[in-house]
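Down below is the structure, laid out as structure tokens.
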Amino acid sequence: MKHLLSIEDLSAADIHAMLELTDHMAEVSSRPIPKVPALRGKNVVSLFFEDSTRTRTSFDTAAKRLSADTMNFAVSSSSVNKGESLRDTIETITAMGVDAFVVRHKSSGAPQMITKWTNASIVNAGDGWHQHPTQALLDCYTIRTGLNRRDSFDGLRIAIVGDIKHSRVARSDVQAFAKLGAHVTLVAPPTLLPPSLEGWPVEVSHDLDALLPDLDVLYLLRVQRERMDDALLPSLAEYSALYGLTHARAARLAPHALVMHPGPMNRGVEIAVDPADLPGSVILQQVTNGVAVRMAVLFTLLGSGSVSSIGASA
Amino acid sequence: MTRLVISGGTILDQTGERVADVAVEDGRIVEVGVGLAGDTMLDATGCMITSGFVDLHTHLREPGKEEAETIETGSRAAALGGFTAVVAMPNTDPAQDSVAVVQFVREQGRRAGLCEVLPSGCITVGRNGEQLAPYGELSAAGVHLFTDDGNGVQDAALMRRALEYAKPLGIVLAQHCEVSSLTKGAVMHEGSCCSRLGLPGWPALAEELMLFRDIELVRLTGVPMHFLHLSTARSVEMVRSAKAEGLPITAEATPHHFTLTDELLESYDAVYKVNPPLRTAHDIAALKQGLTDGTIDAIATDHAPHAPHTKEAPLDQAPPGMLGLETALALAITELDLPLSTVAALLSWNPAAIAGVDDRHGRPVAVGEPANLAVFDPRAEWTVEPAQLASKSRNTPYAGRTLRGKVRHTVFNGTAVVVDGTATR
């Protein structure tokens, strides 16, 4: 595998292999000194054209645990603000010697474009409304461990609730969950669904309450305040009333059901309860798993040799 | 006086087909017959000889964006495509909303001497949709077609006034149909593709709603209108029924809209970004039907050059538009299952009438007529190489495609401006 651009490019077997590898990386992360020399001498450049705290830090931590050299390229302090084109930026940094770019961009498709201008591997860390493949992988890993589903997600019922239309997390998760066998339902007001769901392996519902008791996973998406400006929602209060996770709704979830959120949360909007009060919340576990998954991704793209080269004892 | 003879070809015009040579002197056709001799001989063996093509929709970028195209380079691309006249779109900088700018564009065209450059005028000052442009002055300066192309006129009351004001002038208002509130941030056709790719969609409705409004305004005012680059199946249907009612409207379609679909955007390559966007196979079928049955009057290129670096941007940041002048004929021959006489009508005499230049373009190939001629080999195959194009820009979506039909010679005002596929100036 040269790049990780989209979950669409991965088969179910590819995803399973990545999750198996993540197990080894989680073991590395749990050691007293969580660091192995697997990517020593490799240069991983984070190229974030859009603000992000957790994804960027997560990739940075993952690269360092594998002993890669890391470089952060923040747009605010870069020549992009002086009008440099994306192509020139990529070619310039590539000329310094780069093995992988971790790219976050507000434009859908930007990571795919970048592959034309560099020989380095590209990891898509989120592009526009399009894809966020490492988020989907860490979500799969969290469900796999949280519900003890190592072999497949067959029969799992997952609801993704919120602003599907503008969500790269939803696009990646739908594909990943469905590839592993889960039954996915999208729950949102029609204005926050994509204009067409042709070809999407999903069902759609506008009635969250009816779904709750049967769910294995309730996945909440962030709903942004700007959506009201485009007349997509009357108010956040109404959204919360119809689609938010309240105490009453949380009480209707099955005891084993997981509650997930990619962050950052809008407290009081999509989630009106303290996640710490939810027994099924794995929201912080998602963040922890994010590091291990990104180690697995970087190792898959840049590593040489087998898993044993990371000194895994698992 | 030099005598130019085009020999060995088949004349194709409004009156039919016949094998004959064509002799040209002093800008006019002086003799049509077999075995003619001249000072300069142009071999037309295997070729059709038609009146030169007329493009209703060309962006020449001068003044304002000369790094993408100049009137000279665009005129050369036009000549190589068999065009002897092009309507220059008004979204220049400054816009073509004053006599001074219009005269500059026409004069630059004259200086290039490769085809007739017909400046269009704006419907509103600065294409801002707020104040009528001076149609009277511009009309007196020879402008026939008015449009805010790139922008649709959003204000229905203003559009109504524009048509009413235009009535005594005999000019044509041409609409870029797009209700902009429905296309905010739009990058591509709204449908299953944009939903999957995570890109904001440009719904067919945004075109159809304005088309519907304007058809009703034509009904109200009786003033003719032309509709630019129709892209949807419903649009074709609406124009068909409005024409059946006898309303004075005309319409054009571009080669890219009848050959390419929105699925190409999967590559995220901005060369496929265009406004209105590439649509679906269903829309392509409807456009082809419209071209076949006369609902759509003309093939227009919407030739829209952009400097390479501007197209090397993510889709939402890149400008819309693609090259078209040098590939239009070949795409019509390769992709449309139409007789050559229909192709010639769509490229030559129909648009000549809409542009108001049918006194000198799109004429029958006959003695006494102005010598504006295209000579093309309908069977010649060639591969589109962006680097070989005469346009200053390279944004063709057909790079590497092998097409059928190639212009061999173009005669403009009696001068051979293209000989054997090469521009002479």
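Here, A, B, ... name the chains of the structure tokens in the order displayed, residue numbers run from 1 inside each chain, and ligands are numbered from 1 in the same displayed order.
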
Counting only C-alpha atoms, which residues in chain A sit no more than 8 Å from chain B? For each one, give the nearest pair of atoms and the distance in Å, sorted by chain then residue number, as CSV.
```
residue,atom,partner,partner_atom,distance
A:Ser85,CA,B:Ala313,CA,7.6
A:Leu86,CA,B:Ala313,CA,6.9
A:Arg87,CA,B:Glu312,CA,7.2
A:Ser107,CA,B:Pro314,CA,6.1
A:Ser108,CA,B:Gly198,CA,6.3
A:Gly109,CA,B:Tyr268,CA,5.5
A:Ala110,CA,B:Pro314,CA,5.5
A:Gln112,CA,B:Tyr268,CA,7.4
A:Met113,CA,B:Tyr268,CA,6.9
A:Gly128,CA,B:Gly198,CA,7.0
A:Trp129,CA,B:Gly198,CA,4.5
A:His130,CA,B:Gly198,CA,4.2
A:Gln131,CA,B:Gly198,CA,7.9
A:Lys165,CA,B:Ser195,CA,7.7
A:His166,CA,B:Gly198,CA,7.3
A:Arg168,CA,B:Gly198,CA,7.3
A:Arg171,CA,B:Arg196,CA,7.4
A:Pro194,CA,B:Ser195,CA,5.3
A:Pro195,CA,B:Ser195,CA,6.2
A:Ser196,CA,B:Ser192,CA,4.9
A:Leu197,CA,B:Ser192,CA,6.4
A:Glu198,CA,B:Ser192,CA,5.6
A:Gly199,CA,B:Ser192,CA,7.7
```

**Report entry** Leu173 in chain B surroundings by only C-alpha atoms, 6 Å radius, close-in-sequence under 4 positions cut, as a list in words
**Finding:**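 Skipping anything fewer than 4 positions along the chain leaves Leu145, Phe146, Thr147 and Met225 of chain B.
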
Write out, as a PDB file, in the first residue's frame, the residues just selected, with N, CA and C atoms.
```
ATOM      1  N   LEU B 145     -25.380  40.428 -29.692  1.00  0.00           N
ATOM      2  CA  LEU B 145     -25.727  39.470 -28.640  1.00  0.00           C
ATOM      3  C   LEU B 145     -25.269  40.014 -27.284  1.00  0.00           C
ATOM      4  N   PHE B 146     -26.182  39.987 -26.325  1.00  0.00           N
ATOM      5  CA  PHE B 146     -25.896  40.530 -25.000  1.00  0.00           C
ATOM      6  C   PHE B 146     -26.080  39.439 -23.952  1.00  0.00           C
ATOM      7  N   THR B 147     -25.129  39.354 -23.034  1.00  0.00           N
ATOM      8  CA  THR B 147     -25.215  38.329 -21.994  1.00  0.00           C
ATOM      9  C   THR B 147     -24.356  38.743 -20.798  1.00  0.00           C
ATOM     10  N   MET B 225     -34.944  35.491 -27.179  1.00  0.00           N
ATOM     11  CA  MET B 225     -33.836  35.175 -26.268  1.00  0.00           C
ATOM     12  C   MET B 225     -33.088  33.954 -26.763  1.00  0.00           C
TER      13      MET B 225
END
```

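In this structure, CA of Val36 in chain A sits 21.9 Å away from CA of Lys2 in chain A.
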
Query - Close residues, Leu373 in chain B itself excluded, 10 Å, only C-alpha atoms, min 6 positions apart in chain, as a VMD selection string - result: chain B and resid 29 49 to 53 82 to 84 348 361 to 365 409 to 416

Save out the residues we just selected, C-alpha atoms, as a compact mmCIF listing (two decimals), in the first residue's frame.
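And here's again_17.txt as it stands now:
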```txt
# COMPACT_ATOMS: atom_id res chain seq x y z
CA ILE B 29 -16.25 33.27 -54.27
CA ILE B 49 -16.08 22.47 -48.15
CA THR B 50 -18.58 24.37 -46.00
CA SER B 51 -19.16 27.90 -44.86
CA GLY B 52 -16.88 28.70 -41.91
CA PHE B 53 -18.10 27.90 -38.42
CA GLY B 82 -12.68 25.91 -38.73
CA PHE B 83 -14.32 28.99 -37.20
CA THR B 84 -14.44 32.18 -39.22
CA SER B 348 -22.19 27.27 -39.15
CA HIS B 361 -21.00 33.90 -42.40
CA GLY B 362 -22.87 30.64 -42.80
CA ARG B 363 -23.66 31.52 -46.41
CA PRO B 364 -24.16 29.05 -49.26
CA VAL B 365 -20.95 28.14 -51.07
CA HIS B 409 -7.96 24.61 -44.45
CA THR B 410 -9.79 27.69 -43.24
CA VAL B 411 -10.43 30.65 -45.49
CA PHE B 412 -11.33 33.93 -43.82
CA ASN B 413 -12.28 36.95 -45.90
CA GLY B 414 -10.70 35.27 -48.91
CA THR B 415 -7.38 34.58 -47.16
CA ALA B 416 -6.22 31.06 -46.34
```

Report summary line: CA of Val343 in chain B sits from CA of Thr327 in chain B at a separation of 13.5 Å

Query raised in the report: Using the chain letters and numbers from this document, which residues of range 34-269 of chain A does DSSP assign to helix (DSSP H, G or I), as an MDAnalysis selection string?
Result: chainID A and resid 54:65 75:77 79:82 86:94 110:117 133:146 168:179 190:192 208:214 225:228 236:243 247:251

Write the residues of the selection above to a file with C-alpha atoms, as a CSV table (one decimal), in the first residue's frame.
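Contents of part-v2.csv, freshly written:
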```csv
chain,number,residue,atom,x,y,z
A,54,ARG,CA,-6.5,15.7,18.1
A,55,THR,CA,-5.7,14.3,14.7
A,56,ARG,CA,-2.5,16.1,14.3
A,57,THR,CA,-1.3,15.3,17.8
A,58,SER,CA,-2.4,11.7,17.3
A,59,PHE,CA,-0.4,11.3,14.1
A,60,ASP,CA,2.6,13.0,15.7
A,61,THR,CA,2.5,10.7,18.7
A,62,ALA,CA,2.2,7.7,16.4
A,63,ALA,CA,5.1,8.7,14.3
A,64,LYS,CA,7.3,9.3,17.3
A,65,ARG,CA,6.5,6.0,18.9
A,75,VAL,CA,-0.3,26.8,7.3
A,76,SER,CA,-0.6,29.9,9.5
A,77,SER,CA,3.2,30.2,9.6
A,79,SER,CA,4.4,30.5,2.7
A,80,VAL,CA,0.9,29.3,1.7
A,81,ASN,CA,-0.3,32.5,3.3
A,82,LYS,CA,2.1,34.3,0.9
A,86,LEU,CA,-0.4,23.7,-3.2
A,87,ARG,CA,1.8,22.2,-5.9
A,88,ASP,CA,4.8,24.4,-5.1
A,89,THR,CA,4.4,23.8,-1.4
A,90,ILE,CA,4.4,20.0,-1.9
A,91,GLU,CA,7.3,20.0,-4.4
A,92,THR,CA,9.3,22.3,-2.1
A,93,ILE,CA,8.9,20.1,1.0
A,94,THR,CA,9.4,17.0,-1.1
A,110,ALA,CA,-6.7,17.6,-2.1
A,111,PRO,CA,-4.7,14.6,-0.8
A,112,GLN,CA,-5.5,12.7,-4.0
A,113,MET,CA,-4.2,15.7,-6.1
A,114,ILE,CA,-1.0,15.8,-4.0
A,115,THR,CA,-0.1,12.3,-5.0
A,116,LYS,CA,0.7,13.7,-8.5
A,117,TRP,CA,3.4,16.0,-7.2
A,133,PRO,CA,-9.9,7.0,6.7
A,134,THR,CA,-7.9,6.8,9.9
A,135,GLN,CA,-10.9,7.9,11.9
A,136,ALA,CA,-12.9,5.1,10.3
A,137,LEU,CA,-10.1,2.6,11.1
A,138,LEU,CA,-9.9,3.7,14.8
A,139,ASP,CA,-13.7,3.6,15.0
A,140,CYS,CA,-13.7,0.0,13.7
A,141,TYR,CA,-10.9,-0.9,16.1
A,142,THR,CA,-12.9,0.6,19.0
A,143,ILE,CA,-16.0,-1.3,18.1
A,144,ARG,CA,-13.9,-4.5,17.5
A,145,THR,CA,-12.4,-4.3,21.0
A,146,GLY,CA,-15.4,-2.7,22.7
A,168,ARG,CA,-16.0,13.1,6.1
A,169,VAL,CA,-16.2,10.9,9.2
A,170,ALA,CA,-19.7,9.6,8.1
A,171,ARG,CA,-18.5,8.9,4.5
A,172,SER,CA,-15.5,6.9,5.8
A,173,ASP,CA,-17.4,5.1,8.6
A,174,VAL,CA,-20.3,4.1,6.5
A,175,GLN,CA,-18.0,2.3,4.0
A,176,ALA,CA,-15.8,0.8,6.7
A,177,PHE,CA,-18.7,-0.5,8.9
A,178,ALA,CA,-20.5,-1.9,5.9
A,179,LYS,CA,-17.4,-3.6,4.6
A,190,PRO,CA,-33.2,15.5,5.5
A,191,THR,CA,-31.4,18.8,5.1
A,192,LEU,CA,-28.3,17.2,6.7
A,208,LEU,CA,-33.9,8.1,16.6
A,209,ASP,CA,-36.1,7.0,19.5
A,210,ALA,CA,-37.5,4.1,17.6
A,211,LEU,CA,-34.0,2.8,16.8
A,212,LEU,CA,-32.3,3.2,20.2
A,213,PRO,CA,-33.2,-0.2,22.0
A,214,ASP,CA,-31.9,-2.2,19.1
A,225,ARG,CA,-23.6,26.3,14.4
A,226,GLU,CA,-23.0,27.5,10.9
A,227,ARG,CA,-25.7,25.1,9.6
A,228,MET,CA,-28.4,27.4,10.8
A,236,LEU,CA,-29.7,23.9,17.7
A,237,ALA,CA,-32.2,23.5,20.4
A,238,GLU,CA,-34.6,21.8,18.0
A,239,TYR,CA,-31.8,19.6,16.7
A,240,SER,CA,-31.0,18.6,20.3
A,241,ALA,CA,-34.7,17.9,21.0
A,242,LEU,CA,-35.1,15.6,18.0
A,243,TYR,CA,-31.6,14.0,17.6
A,247,HIS,CA,-30.6,11.2,29.6
A,248,ALA,CA,-33.9,9.9,28.5
A,249,ARG,CA,-32.5,8.5,25.3
A,250,ALA,CA,-29.4,7.2,26.9
A,251,ALA,CA,-31.6,5.2,29.3
```

Requested in this report: Could you pull out the residues in range 89-130 of chain A that DSSP calls strand (DSSP E or B) from the backbone, as a ChimeraX atom specification?
Outcome: /A:100-105,121-127

What would the file look like if the residues just selected were written as a PDB file, in the first residue's frame with N, CA and C atoms?
```pdb
ATOM      1  N   ALA A 100       6.607  10.493   4.020  1.00  0.00           N
ATOM      2  CA  ALA A 100       5.136  10.519   4.046  1.00  0.00           C
ATOM      3  C   ALA A 100       4.638  11.906   4.418  1.00  0.00           C
ATOM      4  N   PHE A 101       3.560  12.293   3.748  1.00  0.00           N
ATOM      5  CA  PHE A 101       2.826  13.496   4.138  1.00  0.00           C
ATOM      6  C   PHE A 101       1.534  13.063   4.810  1.00  0.00           C
ATOM      7  N   VAL A 102       1.256  13.634   5.961  1.00  0.00           N
ATOM      8  CA  VAL A 102      -0.053  13.460   6.590  1.00  0.00           C
ATOM      9  C   VAL A 102      -0.814  14.738   6.302  1.00  0.00           C
ATOM     10  N   VAL A 103      -1.880  14.629   5.500  1.00  0.00           N
ATOM     11  CA  VAL A 103      -2.505  15.832   4.947  1.00  0.00           C
ATOM     12  C   VAL A 103      -3.929  16.033   5.466  1.00  0.00           C
ATOM     13  N   ARG A 104      -4.161  17.207   5.988  1.00  0.00           N
ATOM     14  CA  ARG A 104      -5.522  17.650   6.329  1.00  0.00           C
ATOM     15  C   ARG A 104      -5.802  18.871   5.457  1.00  0.00           C
ATOM     16  N   HIS A 105      -6.931  18.870   4.743  1.00  0.00           N
ATOM     17  CA  HIS A 105      -7.238  20.001   3.865  1.00  0.00           C
ATOM     18  C   HIS A 105      -8.730  20.228   3.839  1.00  0.00           C
ATOM     19  N   SER A 121       4.579   8.910   0.339  1.00  0.00           N
ATOM     20  CA  SER A 121       3.253   8.365   0.642  1.00  0.00           C
ATOM     21  C   SER A 121       2.364   9.483   1.186  1.00  0.00           C
ATOM     22  N   ILE A 122       1.070   9.386   0.863  1.00  0.00           N
ATOM     23  CA  ILE A 122       0.120  10.375   1.374  1.00  0.00           C
ATOM     24  C   ILE A 122      -0.861   9.672   2.296  1.00  0.00           C
ATOM     25  N   VAL A 123      -0.995  10.205   3.504  1.00  0.00           N
ATOM     26  CA  VAL A 123      -2.036   9.737   4.408  1.00  0.00           C
ATOM     27  C   VAL A 123      -3.069  10.848   4.511  1.00  0.00           C
ATOM     28  N   ASN A 124      -4.290  10.527   4.160  1.00  0.00           N
ATOM     29  CA  ASN A 124      -5.366  11.504   4.241  1.00  0.00           C
ATOM     30  C   ASN A 124      -5.805  11.620   5.702  1.00  0.00           C
ATOM     31  N   ALA A 125      -5.581  12.806   6.262  1.00  0.00           N
ATOM     32  CA  ALA A 125      -5.995  13.035   7.652  1.00  0.00           C
ATOM     33  C   ALA A 125      -7.285  13.844   7.696  1.00  0.00           C
ATOM     34  N   GLY A 126      -8.055  13.744   6.597  1.00  0.00           N
ATOM     35  CA  GLY A 126      -9.327  14.446   6.534  1.00  0.00           C
ATOM     36  C   GLY A 126      -9.333  15.452   5.406  1.00  0.00           C
ATOM     37  N   ASP A 127     -10.201  15.240   4.385  1.00  0.00           N
ATOM     38  CA  ASP A 127     -10.293  16.191   3.277  1.00  0.00           C
ATOM     39  C   ASP A 127     -11.741  16.609   3.060  1.00  0.00           C
TER      40      ASP A 127
END
```

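Taking CA of His229 in chain B and CA of Arg213 in chain B as endpoints, the distance between them is 16.6 Å.
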
Query - Exercise: range 56-68 of chain B partners within 6 Å, only C-alpha atoms, chain neighbours under 2 positions left out, as a PyMOL selection string - result: chain B and resi 70-71+74+87-89+92-93+300-307+392-393

For the selection you just gave me, I'd like the residues written to a file as an mmCIF file, in the first residue's frame, keeping C-alpha atoms.
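Generated output (result_35.cif):
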```cif
data_model
loop_
_atom_site.group_PDB
_atom_site.id
_atom_site.type_symbol
_atom_site.label_atom_id
_atom_site.label_comp_id
_atom_site.auth_asym_id
_atom_site.auth_seq_id
_atom_site.Cartn_x
_atom_site.Cartn_y
_atom_site.Cartn_z
ATOM 1 C CA THR B 70 -5.234 36.690 -25.963
ATOM 2 C CA ILE B 71 -7.514 37.652 -28.782
ATOM 3 C CA GLY B 74 -7.808 32.516 -29.257
ATOM 4 C CA VAL B 87 -18.691 35.765 -30.304
ATOM 5 C CA ALA B 88 -16.373 37.040 -27.566
ATOM 6 C CA MET B 89 -17.967 36.690 -24.150
ATOM 7 C CA THR B 92 -13.365 40.441 -19.476
ATOM 8 C CA ASP B 93 -11.726 42.936 -17.153
ATOM 9 C CA ALA B 300 -21.159 26.381 -29.104
ATOM 10 C CA THR B 301 -17.806 25.751 -27.502
ATOM 11 C CA ASP B 302 -17.784 27.829 -24.282
ATOM 12 C CA HIS B 303 -14.038 27.843 -24.965
ATOM 13 C CA ALA B 304 -12.710 28.906 -21.541
ATOM 14 C CA PRO B 305 -8.926 29.027 -21.277
ATOM 15 C CA HIS B 306 -7.307 29.051 -17.839
ATOM 16 C CA ALA B 307 -3.613 29.305 -17.028
ATOM 17 C CA LYS B 392 -2.356 29.770 -24.787
ATOM 18 C CA SER B 393 -3.864 27.427 -22.181
#
```

Requested in this report: Could you give me, as a list in words, the residues within 8 Å of Leu260 in chain B, counting only C-alpha atoms and dropping anything in the same chain fewer than 4 positions from it?
Outcome: His256, Leu264, Leu278, Arg279 and Ile284 of chain B

Can I get the selected residues back with C-alpha atoms, as a short mmCIF file (atom, residue, chain, number, x, y, z; two decimals), in the first residue's frame?
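Saved file again37.cif follows:
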```cif
data_model
loop_
_atom_site.label_atom_id
_atom_site.label_comp_id
_atom_site.auth_asym_id
_atom_site.auth_seq_id
_atom_site.Cartn_x
_atom_site.Cartn_y
_atom_site.Cartn_z
CA HIS B 256 -18.39 18.80 -23.34
CA LEU B 264 -15.02 12.19 -14.39
CA LEU B 278 -20.87 17.98 -16.52
CA ARG B 279 -24.06 16.01 -15.94
CA ILE B 284 -26.29 13.59 -22.64
#
```

Query - Test item: residues at most 6 Å from Val117 in chain B, only C-alpha atoms, excluding those fewer than 5 positions along its chain, as JSON, numbers by chain - result: {"B": [85, 86, 106, 109]}

Query - Counting only C-alpha atoms, the residue of A:Ser46, A:Leu66, A:Val204, A:Ile7 that sits nearest Ile33 in chain A - result: A:Leu66

**Report entry** Exercise: Pro264 in chain A partners within 9 Å, only C-alpha atoms, chain neighbours under 2 positions left out, as a PyMOL selection string
**Finding:** chain A and resi 54+222+261-262+266
